[in-house]
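**Q** The structure's right below; bear with me while I get my questions together.
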Amino acid sequence: MKALILAIGKCKKNSPEAAIISEYTKRSGWEVIIKEKDNSTQEDEAKFLQNNIPHNAKIIVLDERGQNLKSTELAQKVENWQLEGCSEICFLIGGADGHLQSTRDKADLLLSFGKLTFPHMLMRAILCEQIYRIQTIISGHPYHRE
């Protein structure tokens, strides 16, 4: 499985968040790629996100209006996509003003990480950990505990 994270804002290479991101992408058995763009207008951000979605990828848009799933529920959804032949998931993280409706409309899943607001770079680190967690749940690794 390949996981592509398209994100607005650039992560500083030596930041604590970059270290967490690196740790979880190294641990993952999946290929995890991050493409990022500097903050700009919401329309330009939407163009970047929408134009970089790979053909046939399942699209997960991180959005406060989305479903708040347990890790096991998200893993089940991803595993079902894999069984249907999906080999790539694309996660979209918008800018400070969120996503345009046109971006949300492209989603196979609108996903919320709760009602809290997280800094964008920390959200990337949390997402990378969840990608690793999903992969371990699917493979039966004991990392995740209920």
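Chain labels A, B, ... are given in the sequence in which chains occur in the structure tokens; within each chain residues are numbered consecutively from 1, and ligands are likewise numbered from 1 in the order shown.
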Can you list every residue in chain A that DSSP puts in alpha helix (DSSP H), as a ChimeraX atom specification?
**A** /A:16-27,42-51,71-83,101-104,120-139
**Q** Please identify all polymer residues within 12 Å of Asp105 of chain A, counting only C-alpha atoms, omitting same-chain residues fewer than 4 positions from it, and present them as a PyMOL selection string.
**A** chain A and resi 46+50+59-61+63+66+99-101+109-110
**Q** Name the residues in contact with Asn51 of chain A at a cut-off of 12 Å, using only C-alpha atoms, excluding same-chain residues fewer than 5 positions from it; report them as a PDB file with N, CA and C atoms, in the first residue's frame.
**A**
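around00.pdb was written with the following content:
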```
ATOM      1  N   LEU A   6      -0.942  14.919   1.081  1.00  0.00           N
ATOM      2  CA  LEU A   6      -0.859  16.227   0.443  1.00  0.00           C
ATOM      3  C   LEU A   6      -1.227  17.246   1.500  1.00  0.00           C
ATOM      4  N   LYS A  35       3.810  15.425   0.147  1.00  0.00           N
ATOM      5  CA  LYS A  35       4.000  16.563  -0.753  1.00  0.00           C
ATOM      6  C   LYS A  35       3.369  17.766  -0.070  1.00  0.00           C
ATOM      7  N   GLU A  43      -8.186  28.979  -2.709  1.00  0.00           N
ATOM      8  CA  GLU A  43      -8.384  28.455  -4.062  1.00  0.00           C
ATOM      9  C   GLU A  43      -7.104  27.822  -4.594  1.00  0.00           C
ATOM     10  N   ASP A  44      -5.953  28.468  -4.378  1.00  0.00           N
ATOM     11  CA  ASP A  44      -4.668  27.904  -4.824  1.00  0.00           C
ATOM     12  C   ASP A  44      -4.336  26.629  -4.050  1.00  0.00           C
ATOM     13  N   GLU A  45      -4.649  26.624  -2.768  1.00  0.00           N
ATOM     14  CA  GLU A  45      -4.424  25.420  -1.967  1.00  0.00           C
ATOM     15  C   GLU A  45      -5.268  24.267  -2.497  1.00  0.00           C
ATOM     16  N   ALA A  46      -6.526  24.554  -2.815  1.00  0.00           N
ATOM     17  CA  ALA A  46      -7.418  23.521  -3.351  1.00  0.00           C
ATOM     18  C   ALA A  46      -6.905  22.992  -4.688  1.00  0.00           C
ATOM     19  N   CYS A  90      -4.763   8.607  -0.539  1.00  0.00           N
ATOM     20  CA  CYS A  90      -4.285   9.985  -0.551  1.00  0.00           C
ATOM     21  C   CYS A  90      -4.997  10.758   0.561  1.00  0.00           C
ATOM     22  N   LEU A  92      -5.573  14.352   2.489  1.00  0.00           N
ATOM     23  CA  LEU A  92      -5.486  15.779   2.207  1.00  0.00           C
ATOM     24  C   LEU A  92      -5.610  16.570   3.505  1.00  0.00           C
ATOM     25  N   THR A 103     -13.134  20.343  -2.732  1.00  0.00           N
ATOM     26  CA  THR A 103     -12.180  19.334  -2.251  1.00  0.00           C
ATOM     27  C   THR A 103     -12.911  18.285  -1.429  1.00  0.00           C
ATOM     28  N   LYS A 106     -14.620  15.517  -3.357  1.00  0.00           N
ATOM     29  CA  LYS A 106     -13.801  14.463  -3.959  1.00  0.00           C
ATOM     30  C   LYS A 106     -13.518  13.312  -3.001  1.00  0.00           C
TER      31      LYS A 106
END
```
**Q** Rounded to one decimal in Å, what is the spacing between atom CA of Arg65 of chain A and atom CA of Ala3 of chain A?
**A**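 Atom CA of Arg65 of chain A sits 22.1 Å away from atom CA of Ala3 of chain A.
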**Q** At a cut-off of 9 Å, using only C-alpha atoms, what residues contact Ile126 of chain A? Leave out same-chain residues fewer than 5 positions from it and give the result as a ChimeraX atom specification.
**A** /A:20-21,121,131
**Q** Using the selection just defined, write its residues with C-alpha atoms as a compact mmCIF listing (two decimals), in the first residue's frame.
**A**
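out.txt, written as the output of this step:
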```
# COMPACT_ATOMS: atom_id res chain seq x y z
CA ILE A 20 8.04 12.12 14.68
CA ILE A 21 6.97 12.01 11.03
CA MET A 121 2.61 20.12 11.53
CA ILE A 131 -1.03 5.32 9.08
```
